[in-house]
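J.: See data.cif below, with mmCIF, C-alpha atoms and all ligand atoms.
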```cif
data_coords
#
loop_
_atom_site.label_atom_id
_atom_site.label_comp_id
_atom_site.auth_asym_id
_atom_site.auth_seq_id
_atom_site.Cartn_x
_atom_site.Cartn_y
_atom_site.Cartn_z
CA MET A 84 114.46 151.71 100.08
CA GLU A 85 115.68 154.63 102.15
CA LEU A 86 114.40 157.71 100.36
CA LYS A 87 114.88 161.37 101.12
CA PRO A 88 112.18 163.98 100.49
CA ILE A 89 112.48 165.25 96.93
CA PHE A 90 112.39 168.79 98.18
CA GLU A 91 112.64 170.39 101.58
CA PRO A 92 110.31 171.10 103.17
CA MET A 93 107.83 168.52 101.92
CA THR A 94 105.03 168.26 104.39
CA GLU A 95 101.47 167.00 104.38
CA GLU A 96 100.41 170.68 104.14
CA SER A 97 102.40 171.23 100.97
CA ARG A 98 100.34 168.61 99.13
CA PRO A 99 99.89 168.63 96.21
CA LEU A 100 103.35 169.46 95.04
CA VAL A 101 102.80 171.23 91.71
CA ILE A 102 105.17 171.23 88.76
CA ALA A 103 104.04 173.34 85.82
CA GLY A 104 105.39 174.73 82.59
CA PRO A 105 105.18 174.34 78.85
CA CYS A 106 105.43 171.05 77.05
CA SER A 107 108.44 172.53 75.25
CA ALA A 108 110.67 175.52 75.67
CA GLU A 109 110.10 177.15 72.26
CA THR A 110 111.69 180.59 72.47
CA GLU A 111 113.38 182.53 75.22
CA GLU A 112 110.42 184.89 75.33
CA GLN A 113 107.75 182.16 75.57
CA THR A 114 109.76 180.38 78.28
CA LEU A 115 110.30 183.49 80.39
CA THR A 116 106.77 184.84 79.93
CA THR A 117 105.21 181.54 80.97
CA ALA A 118 107.62 181.20 83.89
CA HIS A 119 106.87 184.68 85.26
CA GLN A 120 103.13 184.09 84.97
CA LEU A 121 103.42 180.78 86.80
CA ALA A 122 105.66 182.22 89.50
CA ASP A 123 103.06 184.97 90.05
CA LYS A 124 100.53 182.21 90.73
CA GLY A 125 102.79 180.71 93.38
CA ILE A 126 104.13 177.80 91.33
CA GLN A 127 107.54 176.77 92.66
CA ILE A 128 108.76 174.24 90.13
CA PHE A 129 108.98 174.98 86.42
CA ARG A 130 109.03 172.24 83.81
CA ALA A 131 109.94 172.55 80.14
CA GLY A 132 110.89 170.04 77.47
CA ILE A 133 114.24 170.72 75.83
CA TRP A 134 114.64 167.44 73.93
CA LYS A 135 111.34 165.96 72.80
CA PRO A 136 111.05 162.31 71.84
CA ARG A 137 108.70 162.42 68.84
CA THR A 138 106.86 159.43 67.44
CA LYS A 139 107.91 160.25 63.88
CA PRO A 140 110.84 162.24 62.50
CA GLY A 141 110.06 165.70 61.22
CA GLY A 142 108.06 166.88 64.24
CA PHE A 143 109.36 169.56 66.57
CA GLU A 144 112.11 167.78 68.49
CA GLY A 145 112.77 170.51 71.01
CA VAL A 146 115.19 173.42 70.86
CA GLY A 147 118.01 171.40 72.44
CA SER A 148 120.82 172.81 74.56
CA VAL A 149 120.21 176.42 73.44
CA GLY A 150 117.15 176.36 75.73
CA LEU A 151 119.16 175.56 78.85
CA PRO A 152 120.35 179.16 79.46
CA TRP A 153 116.69 180.23 79.24
CA LEU A 154 115.91 177.94 82.15
CA LYS A 155 118.86 179.34 84.03
CA ARG A 156 117.27 182.76 83.58
CA VAL A 157 113.93 181.40 84.79
CA LYS A 158 115.62 180.28 87.98
CA GLN A 159 117.49 183.55 88.48
CA GLU A 160 114.51 185.79 87.76
CA THR A 161 111.69 183.85 89.47
CA GLY A 162 113.43 181.67 92.06
CA MET A 163 111.54 178.64 90.77
CA LEU A 164 113.29 175.30 90.58
CA THR A 165 113.65 173.96 87.04
CA ALA A 166 112.91 170.47 85.75
CA ILE A 167 113.58 168.88 82.37
CA GLU A 168 113.41 165.45 80.75
CA VAL A 169 116.65 163.60 80.10
CA ALA A 170 116.92 160.59 77.83
CA THR A 171 120.65 160.14 77.30
CA ALA A 172 123.92 160.57 79.19
CA LYS A 173 124.59 163.72 77.18
CA HIS A 174 121.30 165.24 78.28
CA VAL A 175 122.23 164.62 81.93
CA TYR A 176 125.65 166.28 81.52
CA GLU A 177 124.13 169.30 79.81
CA ALA A 178 121.32 169.63 82.35
CA LEU A 179 123.70 169.51 85.30
CA LYS A 180 126.10 171.92 83.59
CA TYR A 181 123.30 174.52 83.44
CA GLY A 182 122.18 173.92 87.02
CA ILE A 183 118.85 172.25 86.25
CA ASP A 184 117.40 171.25 89.64
CA ILE A 185 115.28 168.21 88.82
CA LEU A 186 115.52 165.61 86.08
CA TRP A 187 112.80 163.35 84.82
CA ILE A 188 113.02 160.17 82.80
CA GLY A 189 110.32 159.92 80.13
CA ALA A 190 107.93 157.03 79.55
CA ARG A 191 109.64 155.79 76.40
CA THR A 192 113.00 155.84 78.14
CA THR A 193 111.71 154.03 81.24
CA ALA A 194 110.55 151.23 78.93
CA ASN A 195 114.17 150.67 77.83
CA PRO A 196 116.46 149.25 80.54
CA PHE A 197 119.62 150.03 78.50
CA ALA A 198 118.67 153.70 78.31
CA VAL A 199 117.78 153.86 82.02
CA GLN A 200 121.07 152.20 82.96
CA GLU A 201 123.00 154.67 80.82
CA ILE A 202 121.35 157.54 82.68
CA ALA A 203 121.84 155.85 86.06
CA ASP A 204 125.55 155.37 85.34
CA VAL A 205 126.15 159.08 84.76
CA LEU A 206 124.12 159.97 87.86
CA GLU A 207 126.49 158.02 90.08
CA GLY A 208 127.73 160.37 92.82
CA VAL A 209 125.35 163.21 91.88
CA ASP A 210 122.71 164.43 94.34
CA VAL A 211 119.84 165.55 92.14
CA PRO A 212 116.14 164.68 92.42
CA VAL A 213 114.98 162.30 89.69
CA LEU A 214 111.38 161.67 88.68
CA ILE A 215 110.67 158.46 86.81
CA LYS A 216 107.65 158.32 84.52
CA ASN A 217 105.83 155.03 84.13
CA PRO A 218 106.85 153.02 81.05
CA VAL A 219 104.49 153.38 78.06
CA ASN A 220 103.29 149.82 78.63
CA PRO A 221 101.45 148.94 81.85
CA ASP A 222 104.25 146.91 83.42
CA VAL A 223 104.77 147.72 87.07
CA ASP A 224 107.91 145.57 87.31
CA LEU A 225 109.55 147.46 84.45
CA TRP A 226 108.72 150.71 86.25
CA ILE A 227 110.16 149.43 89.52
CA GLY A 228 113.21 148.12 87.64
CA ALA A 229 113.92 151.64 86.38
CA ILE A 230 113.49 153.05 89.89
CA GLU A 231 115.93 150.46 91.25
CA ARG A 232 118.53 151.24 88.60
CA VAL A 233 118.47 154.92 89.55
CA TYR A 234 118.36 154.13 93.27
CA ASN A 235 121.34 151.79 92.91
CA ALA A 236 123.28 154.68 91.37
CA GLY A 237 122.91 156.42 94.75
CA ILE A 238 120.00 158.75 93.94
CA ARG A 239 117.84 159.09 97.05
CA ARG A 240 115.58 161.99 96.16
CA LEU A 241 113.24 159.99 93.96
CA ALA A 242 109.62 160.19 92.92
CA VAL A 243 107.56 158.69 90.13
CA ILE A 244 105.24 160.26 87.58
CA HIS A 245 102.06 158.50 86.53
CA ARG A 246 101.39 159.64 82.94
CA GLY A 247 99.10 156.84 81.78
CA PHE A 248 99.67 154.05 79.29
CA SER A 249 99.62 153.82 75.50
CA THR A 250 96.80 151.91 73.94
CA TYR A 251 95.89 150.91 70.44
CA ASP A 252 92.16 151.18 71.14
CA LYS A 253 90.41 154.52 70.91
CA SER A 254 89.71 156.01 74.31
CA VAL A 255 88.66 159.32 75.81
CA TYR A 256 92.16 159.48 77.20
CA ARG A 257 95.37 160.04 75.28
CA ASN A 258 97.04 157.54 77.62
CA ILE A 259 94.70 155.40 79.68
CA PRO A 260 95.24 155.91 83.40
CA GLN A 261 95.02 152.25 84.52
CA TRP A 262 94.97 153.49 88.10
CA HIS A 263 95.59 149.98 89.41
CA ILE A 264 99.19 150.21 88.16
CA PRO A 265 100.25 153.22 90.28
CA ILE A 266 98.15 151.77 93.12
CA GLU A 267 100.17 148.55 92.88
CA LEU A 268 103.37 150.62 92.87
CA ARG A 269 102.16 152.39 96.03
CA ARG A 270 101.46 149.02 97.65
CA ARG A 271 104.94 147.75 96.82
CA MET A 272 106.78 151.01 97.54
CA PRO A 273 104.65 152.92 100.06
CA GLU A 274 107.33 155.54 100.64
CA MET A 275 107.66 156.52 96.94
CA PRO A 276 105.96 159.86 96.16
CA ILE A 277 103.64 159.67 93.15
CA ILE A 278 103.09 162.67 90.91
CA CYS A 279 100.20 162.51 88.45
CA ASP A 280 100.49 163.93 84.93
CA PRO A 281 96.89 164.73 83.93
CA SER A 282 98.06 166.53 80.78
CA HIS A 283 99.45 163.36 79.19
CA ILE A 284 96.78 161.07 80.57
CA GLY A 285 93.95 163.26 79.28
CA GLY A 286 95.55 164.74 76.20
CA ARG A 287 92.82 167.38 76.40
CA ARG A 288 92.45 170.47 78.56
CA GLU A 289 88.92 169.58 79.65
CA LEU A 290 90.11 166.44 81.42
CA ILE A 291 92.87 167.97 83.52
CA ALA A 292 90.73 169.00 86.51
CA SER A 293 88.94 165.68 86.94
CA ILE A 294 92.08 163.56 86.52
CA SER A 295 93.92 165.77 89.02
CA GLN A 296 91.12 165.37 91.54
CA GLN A 297 91.18 161.60 91.11
CA ALA A 298 94.92 161.58 91.75
CA LEU A 299 94.44 163.57 94.95
CA ASP A 300 91.64 161.28 96.05
CA LEU A 301 94.13 158.42 95.70
CA GLN A 302 96.55 160.32 97.97
CA PHE A 303 99.07 160.99 95.24
CA GLU A 304 101.56 163.59 96.38
CA GLY A 305 101.83 165.83 93.37
CA LEU A 306 100.74 167.01 89.93
CA ILE A 307 102.76 167.90 86.85
CA ILE A 308 100.66 170.01 84.53
CA GLU A 309 101.55 171.51 81.17
CA SER A 310 101.00 175.23 81.10
CA HIS A 311 101.84 177.68 78.31
CA CYS A 312 101.38 181.45 78.03
CA ASN A 313 99.61 180.93 74.70
CA PRO A 314 98.50 177.29 74.45
CA ASP A 315 96.75 177.57 71.10
CA GLU A 316 100.01 178.60 69.47
CA ALA A 317 102.12 175.93 71.22
CA TRP A 318 104.60 174.08 69.01
CA SER A 319 103.77 170.75 70.64
CA ASP A 320 100.80 169.24 72.53
CA LYS A 321 98.64 172.33 72.17
CA ASN A 322 95.37 170.55 73.05
CA GLN A 323 96.54 169.62 76.51
CA GLN A 324 98.20 172.85 77.61
CA ILE A 325 96.45 175.47 79.70
CA THR A 326 97.26 179.07 80.58
CA PRO A 327 98.65 179.85 84.03
CA ASP A 328 95.27 181.51 84.78
CA VAL A 329 93.36 178.30 84.06
CA LEU A 330 95.92 176.34 86.04
CA GLU A 331 95.36 178.59 89.05
CA HIS A 332 91.60 178.14 88.72
CA ILE A 333 91.93 174.34 88.59
CA LEU A 334 94.28 174.23 91.57
CA GLN A 335 91.96 176.44 93.63
CA HIS A 336 89.07 174.06 93.07
CA LEU A 337 90.87 170.83 93.90
CA VAL A 338 89.80 169.20 97.13
CA VAL A 339 92.71 167.95 99.22
CA ARG A 340 91.56 165.28 101.63
CA LYS A 341 93.96 165.23 104.52
CA MET A 342 92.29 162.77 106.85
CA ASN A 343 94.57 159.78 106.79
CA GLN A 344 93.40 157.68 109.69
CA THR A 345 90.53 155.24 109.72
CA THR A 346 87.71 156.67 111.77
CA GLU A 347 85.41 154.68 114.02
CA ASP A 348 82.51 155.31 111.63
CA LEU A 349 84.34 153.53 108.85
CA SER A 350 85.02 150.42 110.87
CA VAL A 351 81.37 149.33 110.76
CA LEU A 352 81.25 149.71 107.00
CA ARG A 353 84.61 147.99 106.65
CA HIS A 354 83.30 144.99 108.56
CA GLN A 355 80.50 144.80 106.05
CA ILE A 356 83.02 144.85 103.22
CA ASP A 357 85.05 142.07 104.88
CA ASP A 358 81.92 140.04 105.22
CA LEU A 359 80.85 140.56 101.62
CA ASP A 360 84.33 139.73 100.34
CA ASN A 361 84.18 136.46 102.29
CA GLN A 362 80.89 135.66 100.60
CA LEU A 363 82.36 136.50 97.21
CA LEU A 364 85.28 134.15 97.87
CA GLU A 365 82.99 131.32 98.91
CA VAL A 366 80.83 131.75 95.82
CA LEU A 367 83.91 131.81 93.61
CA ALA A 368 85.29 128.66 95.23
CA LYS A 369 81.93 126.93 94.65
CA ARG A 370 81.88 128.05 91.03
CA PHE A 371 85.34 126.59 90.41
CA ARG A 372 84.28 123.32 92.06
CA VAL A 373 81.38 123.07 89.61
CA SER A 374 83.66 124.00 86.74
CA ARG A 375 85.98 121.13 87.76
CA GLU A 376 83.02 118.72 87.70
CA ILE A 377 82.15 119.95 84.21
CA GLY A 378 85.82 119.43 83.29
CA THR A 379 85.71 115.82 84.51
CA TYR A 380 82.57 115.21 82.49
CA LYS A 381 84.17 116.72 79.37
CA LYS A 382 87.25 114.53 79.82
CA GLU A 383 85.16 111.37 80.14
CA HIS A 384 83.06 112.27 77.11
CA GLY A 385 85.82 113.59 74.87
CA MET A 386 84.43 117.15 74.80
CA PRO A 387 86.62 120.22 74.25
CA VAL A 388 87.12 122.57 77.18
CA LEU A 389 86.26 125.81 75.46
CA GLN A 390 82.55 126.20 74.74
CA THR A 391 82.23 129.56 73.04
CA VAL A 392 78.46 129.51 72.55
CA ARG A 393 77.92 128.94 76.27
CA TYR A 394 80.60 131.50 77.18
CA ASP A 395 79.07 134.07 74.88
CA GLU A 396 75.63 133.47 76.38
CA ILE A 397 77.02 133.89 79.91
CA LEU A 398 78.82 137.13 78.98
CA HIS A 399 75.76 138.54 77.29
CA ASN A 400 73.26 137.67 80.01
CA ARG A 401 75.38 138.55 83.02
CA ILE A 402 76.41 141.91 81.60
CA SER A 403 72.81 142.98 81.02
CA GLN A 404 71.81 141.60 84.44
CA ALA A 405 74.66 143.58 85.97
CA GLN A 406 73.70 146.77 84.19
CA SER A 407 70.09 146.42 85.29
CA ILE A 408 71.22 146.58 88.92
CA GLY A 409 73.60 149.47 88.46
CA ILE A 410 76.90 147.65 87.92
CA ASN A 411 79.11 148.99 85.17
CA GLY A 412 78.97 146.66 82.15
CA GLU A 413 82.63 147.07 81.22
CA PHE A 414 83.65 146.18 84.77
CA MET A 415 81.38 143.10 84.74
CA LYS A 416 82.90 142.02 81.43
CA ASN A 417 86.40 142.21 82.90
CA ILE A 418 85.37 140.11 85.89
CA LEU A 419 83.65 137.49 83.74
CA GLU A 420 86.63 137.30 81.40
CA ALA A 421 88.96 136.75 84.33
CA ILE A 422 86.71 134.07 85.82
CA HIS A 423 86.33 132.32 82.49
CA GLU A 424 90.07 132.34 81.87
CA GLU A 425 90.67 130.70 85.24
CA SER A 426 87.81 128.25 84.74
CA VAL A 427 89.31 127.15 81.42
CA ARG A 428 92.75 126.87 82.99
CA VAL A 429 91.40 124.69 85.79
CA GLN A 430 89.66 122.40 83.31
CA LEU A 431 92.72 122.20 81.04
CA GLU A 432 94.85 121.21 84.01
CA LEU A 433 92.35 118.47 84.80
CA MET A 434 92.26 117.24 81.17
CA ASN A 435 96.00 116.92 80.98
CA LYS A 436 96.35 115.04 84.22
CA SER A 437 97.16 111.42 83.45
CA GLU A 438 95.28 108.87 85.49
C1 LIG B 501 82.22 125.63 82.62
C2 LIG B 501 82.31 125.34 81.31
O1 LIG B 501 83.55 125.42 80.62
C3 LIG B 501 84.09 126.60 80.10
C4 LIG B 501 83.98 127.61 81.17
C5 LIG B 501 82.86 128.38 81.31
C6 LIG B 501 82.60 129.12 82.59
O2 LIG B 501 83.40 129.03 83.51
O3 LIG B 501 81.56 129.75 82.69
C7 LIG B 501 81.98 128.46 80.22
C8 LIG B 501 82.19 127.81 79.05
C9 LIG B 501 83.39 127.00 78.80
O4 LIG B 501 84.24 127.72 77.93
C10 LIG B 501 81.17 124.90 80.50
O5 LIG B 501 81.39 124.33 79.45
O6 LIG B 501 80.02 125.15 80.94
#
```
Step by step, read the file and then write its structure as structure tokens.
Ligand SMILES: C=C(O[C@@H]1C=C(C(=O)O)C=C[C@H]1O)C(=O)O

T.:
Amino acid sequence: MELKPIFEPMTEESRPLVIAGPCSAETEEQTLTTAHQLADKGIQIFRAGIWKPRTKPGGFEGVGSVGLPWLKRVKQETGMLTAIEVATAKHVYEALKYGIDILWIGARTTANPFAVQEIADVLEGVDVPVLIKNPVNPDVDLWIGAIERVYNAGIRRLAVIHRGFSTYDKSVYRNIPQWHIPIELRRRMPEMPIICDPSHIGGRRELIASISQQALDLQFEGLIIESHCNPDEAWSDKNQQITPDVLEHILQHLVVRKMNQTTEDLSVLRHQIDDLDNQLLEVLAKRFRVSREIGTYKKEHGMPVLQTVRYDEILHNRISQAQSIGINGEFMKNILEAIHEESVRVQLELMNKSE
């Protein structure tokens, strides 16, 4: 992909790029007050939701097109660029008609290729920056598919927004970050800027600073943070919005690590890591060899592959062993589950071989 910077100038020094503004534009006064406060703090890009995709009908679905002239005023009075979410062709037309500078595609929309294609089709021939949020489900290919649809429409000023992923299980997060997904996107598309959305990942004000710092530590390029002049009275997402004052405080305390190159000091430690990874691989290969032998035995003796009592015992013992030497139990569980799944697959393959 041949991308252009989303904004000029975008330099290493300008990291992180910050986009801030209320979840929703509610009234002209709330929009303008918040915008002026943010502009006074040096924020250069203002976000506001105009059309809000709500889980159930009856919630506040955004003010709609009447809010677009308010954003035009924001731009005229503060000089900030304006950004809104678009989910349909009509939204794109309206946004462009009112001179909105940046469009973003929401997580629910990204999950739907028909909707993304509809938006891409109307963007054909338009030069506007587009930010693509991750789909609600942790599917990196679906995310990349949406990026490609927009890219194929000729949009070159592209970036993605990592806003976390929906989960049925209770979690401290509103949308679990699953950092490995944006990391995989970075591996596959190294030139694609990634903007983190700590407001939607955390769902709570208290989590915004730490999630933002994590994003910066992963070299993400920007942050999109919900900020409202009076968060407790917000019409949507009040728990995750912060005042421009709090936003300024958080931004001042973020540590931006600029050192990109590997230093000599790291090379010694990295050799150690290489060495340890080699040992891990050898041990894993040995374990699968033994598992194959067990599989052969089971085949000869008519035993089923899955042995839940044994598996349960392994999980239980290894997790407490791990915890006793300072390894996170949840992490150990994930590793053991992955190993077991592969071990069972290897044995099943063996069982079903005819000879
Ligand atoms: C290796 C075995 O087969 C399966 C795989 C296991 C493993 O890899 O640890 C454990 C139990 C079984 O479900 C076994 O029965 O011991």

J.: Just give me the gap between CA of Thr110 in chain A and CA of Thr171 in chain A in Å, one decimal is fine.

T.: 22.8 Å

J.: Would you mind listing what lies within 6 Å of Ile259 in chain A as a list in words, with only C-alpha atoms counted and same-chain residues fewer than 3 positions away left out?

T.: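 The contact residues come out as Gly247, Phe248 and Tyr256 of chain A.
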
J.: Between CA of Lys135 in chain A and CA of Glu331 in chain A, measure the distance and give it in Å to one decimal.

T.: 26.1 Å

J.: Given a cut-off of 8 Å, what residues near ligand LIG 501 (chain B) show up using all atoms listed in the file, put as a compact mmCIF listing (two decimals) with C-alpha atoms, in the frame of the given file?

T.:
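Contents of out.txt, freshly written:
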```txt
# COMPACT_ATOMS: atom_id res chain seq x y z
CA ARG A 370 81.88 128.05 91.03
CA PHE A 371 85.34 126.59 90.41
CA VAL A 373 81.38 123.07 89.61
CA SER A 374 83.66 124.00 86.74
CA ARG A 375 85.98 121.13 87.76
CA ILE A 377 82.15 119.95 84.21
CA GLY A 378 85.82 119.43 83.29
CA VAL A 388 87.12 122.57 77.18
CA LEU A 389 86.26 125.81 75.46
CA GLN A 390 82.55 126.20 74.74
CA THR A 391 82.23 129.56 73.04
CA VAL A 392 78.46 129.51 72.55
CA ARG A 393 77.92 128.94 76.27
CA TYR A 394 80.60 131.50 77.18
CA ILE A 397 77.02 133.89 79.91
CA ILE A 422 86.71 134.07 85.82
CA HIS A 423 86.33 132.32 82.49
CA GLU A 424 90.07 132.34 81.87
CA GLU A 425 90.67 130.70 85.24
CA SER A 426 87.81 128.25 84.74
CA VAL A 427 89.31 127.15 81.42
CA GLN A 430 89.66 122.40 83.31
```

J.: Using only C-alpha atoms, which protein or nucleic acid residues come within 7 Å of His245 in chain A? Drop anything in the same chain fewer than 5 positions from it, and give the result as a PyMOL selection string.

T.: chain A and resi 216-217+265+277-280

J.: Work out how far apart CA of Lys158 in chain A and CA of Gly208 in chain A are and give it in Å to one decimal.

T.: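 Computed distance, CA of Lys158 in chain A to CA of Gly208 in chain A, equals 23.8 Å.
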
J.: When you count all atoms listed in the file, which of these residues is closest to Ser249 in chain A: A:Gln113, A:Asn220, A:Ser97, A:Ser407?

T.: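 Comparing A:Gln113, A:Asn220, A:Ser97, A:Ser407 against Ser249 in chain A, the winner is A:Asn220.
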
J.: Quick one: of A:Gly385, A:Pro273, A:Pro260, A:Pro212, who's nearest to Gly286 in chain A, counting only C-alpha atoms?

T.: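 The answer is A:Pro260, which sits nearest to Gly286 in chain A.
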
J.: Pick from A:Ile167, A:Leu398, A:Leu337, A:Met386: nearest to Pro99 in chain A, with all atoms listed in the file counted?

T.: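 Going through A:Ile167, A:Leu398, A:Leu337, A:Met386 one by one, the smallest distance to Pro99 in chain A is for A:Leu337.
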
J.: For Val157 in chain A, work out the shell of residues within 12 Å, counting only C-alpha atoms and skipping chain neighbours fewer than 6 positions away, then give it as an NGL selection string.

T.: :A and (104 or 108 or 111-122 or 127-131 or 150-151 or 163-166 or 181-184)

J.: If you count only C-alpha atoms, which residues fall within 6 Å of range 313-326 of chain A, apart from same-chain ones fewer than 5 positions away, as a PDB file with C-alpha atoms, keeping the file's coordinate frame?

T.:
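As written to disk, selection17.pdb reads:
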```
ATOM      1  CA  SER A 282      98.060 166.530  80.780  1.00  0.00           C
ATOM      2  CA  GLY A 286      95.550 164.740  76.200  1.00  0.00           C
ATOM      3  CA  ARG A 287      92.820 167.380  76.400  1.00  0.00           C
ATOM      4  CA  ARG A 288      92.450 170.470  78.560  1.00  0.00           C
TER       5      ARG A 288
END
```

J.: What box, with edges along x, y and z, holds each listed atom of range 96-106 of chain A when 6 Å is added on every side, and can you state its centre and edge lengths in Å to one decimal, as AutoDock Vina command-line options?

T.:
```
--center_x 102.7 --center_y 171.7 --center_z 90.6 --size_x 17.5 --size_y 18.1 --size_z 39.1
```

J.: Using all atoms listed in the file, can you tell me which of A:Leu363, A:Ile307, A:Leu186, A:Val169 comes closest to Ala103 in chain A?

T.: A:Ile307

J.: For Ile402 in chain A, please output as a list of chain:residue names all residues within 8 Å (counting all atoms listed in the file; exclusion window: fewer than 5 positions along the same chain).

T.: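 Listing them by chain and then by number gives A:Gly412, A:Met415, A:Lys416.
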
J.: Got a minute to add N, CA and C atoms to range 240-253 of chain A and dump it as a PDB file, in the coordinates of the input?

T.:
```pdb
ATOM      1  N   ARG A 240     116.744 161.112  96.281  1.00  0.00           N
ATOM      2  CA  ARG A 240     115.580 161.990  96.160  1.00  0.00           C
ATOM      3  C   ARG A 240     114.838 161.573  94.889  1.00  0.00           C
ATOM      4  N   LEU A 241     113.919 160.636  95.086  1.00  0.00           N
ATOM      5  CA  LEU A 241     113.240 159.990  93.960  1.00  0.00           C
ATOM      6  C   LEU A 241     111.735 160.153  94.088  1.00  0.00           C
ATOM      7  N   ALA A 242     111.088 160.247  92.952  1.00  0.00           N
ATOM      8  CA  ALA A 242     109.620 160.190  92.920  1.00  0.00           C
ATOM      9  C   ALA A 242     109.249 159.607  91.556  1.00  0.00           C
ATOM     10  N   VAL A 243     107.993 159.204  91.426  1.00  0.00           N
ATOM     11  CA  VAL A 243     107.560 158.690  90.130  1.00  0.00           C
ATOM     12  C   VAL A 243     106.471 159.597  89.559  1.00  0.00           C
ATOM     13  N   ILE A 244     106.331 159.518  88.238  1.00  0.00           N
ATOM     14  CA  ILE A 244     105.240 160.260  87.580  1.00  0.00           C
ATOM     15  C   ILE A 244     104.337 159.251  86.875  1.00  0.00           C
ATOM     16  N   HIS A 245     103.054 159.335  87.199  1.00  0.00           N
ATOM     17  CA  HIS A 245     102.060 158.500  86.530  1.00  0.00           C
ATOM     18  C   HIS A 245     101.506 159.302  85.351  1.00  0.00           C
ATOM     19  N   ARG A 246     101.835 158.885  84.110  1.00  0.00           N
ATOM     20  CA  ARG A 246     101.390 159.640  82.940  1.00  0.00           C
ATOM     21  C   ARG A 246     100.476 158.819  82.042  1.00  0.00           C
ATOM     22  N   GLY A 247     100.013 157.667  82.565  1.00  0.00           N
ATOM     23  CA  GLY A 247      99.100 156.840  81.780  1.00  0.00           C
ATOM     24  C   GLY A 247      99.844 155.950  80.802  1.00  0.00           C
ATOM     25  N   PHE A 248      99.067 155.099  80.102  1.00  0.00           N
ATOM     26  CA  PHE A 248      99.670 154.050  79.290  1.00  0.00           C
ATOM     27  C   PHE A 248      99.133 154.072  77.866  1.00  0.00           C
ATOM     28  N   SER A 249     100.003 153.818  76.917  1.00  0.00           N
ATOM     29  CA  SER A 249      99.620 153.820  75.500  1.00  0.00           C
ATOM     30  C   SER A 249      98.630 152.708  75.233  1.00  0.00           C
ATOM     31  N   THR A 250      97.709 152.971  74.329  1.00  0.00           N
ATOM     32  CA  THR A 250      96.800 151.910  73.940  1.00  0.00           C
ATOM     33  C   THR A 250      96.469 152.050  72.470  1.00  0.00           C
ATOM     34  N   TYR A 251      96.215 150.914  71.851  1.00  0.00           N
ATOM     35  CA  TYR A 251      95.890 150.910  70.440  1.00  0.00           C
ATOM     36  C   TYR A 251      94.424 151.312  70.263  1.00  0.00           C
ATOM     37  N   ASP A 252      93.590 150.884  71.228  1.00  0.00           N
ATOM     38  CA  ASP A 252      92.160 151.180  71.140  1.00  0.00           C
ATOM     39  C   ASP A 252      91.883 152.661  71.332  1.00  0.00           C
ATOM     40  N   LYS A 253      90.834 153.125  70.702  1.00  0.00           N
ATOM     41  CA  LYS A 253      90.410 154.520  70.910  1.00  0.00           C
ATOM     42  C   LYS A 253      89.882 154.666  72.324  1.00  0.00           C
TER      43      LYS A 253
END
```
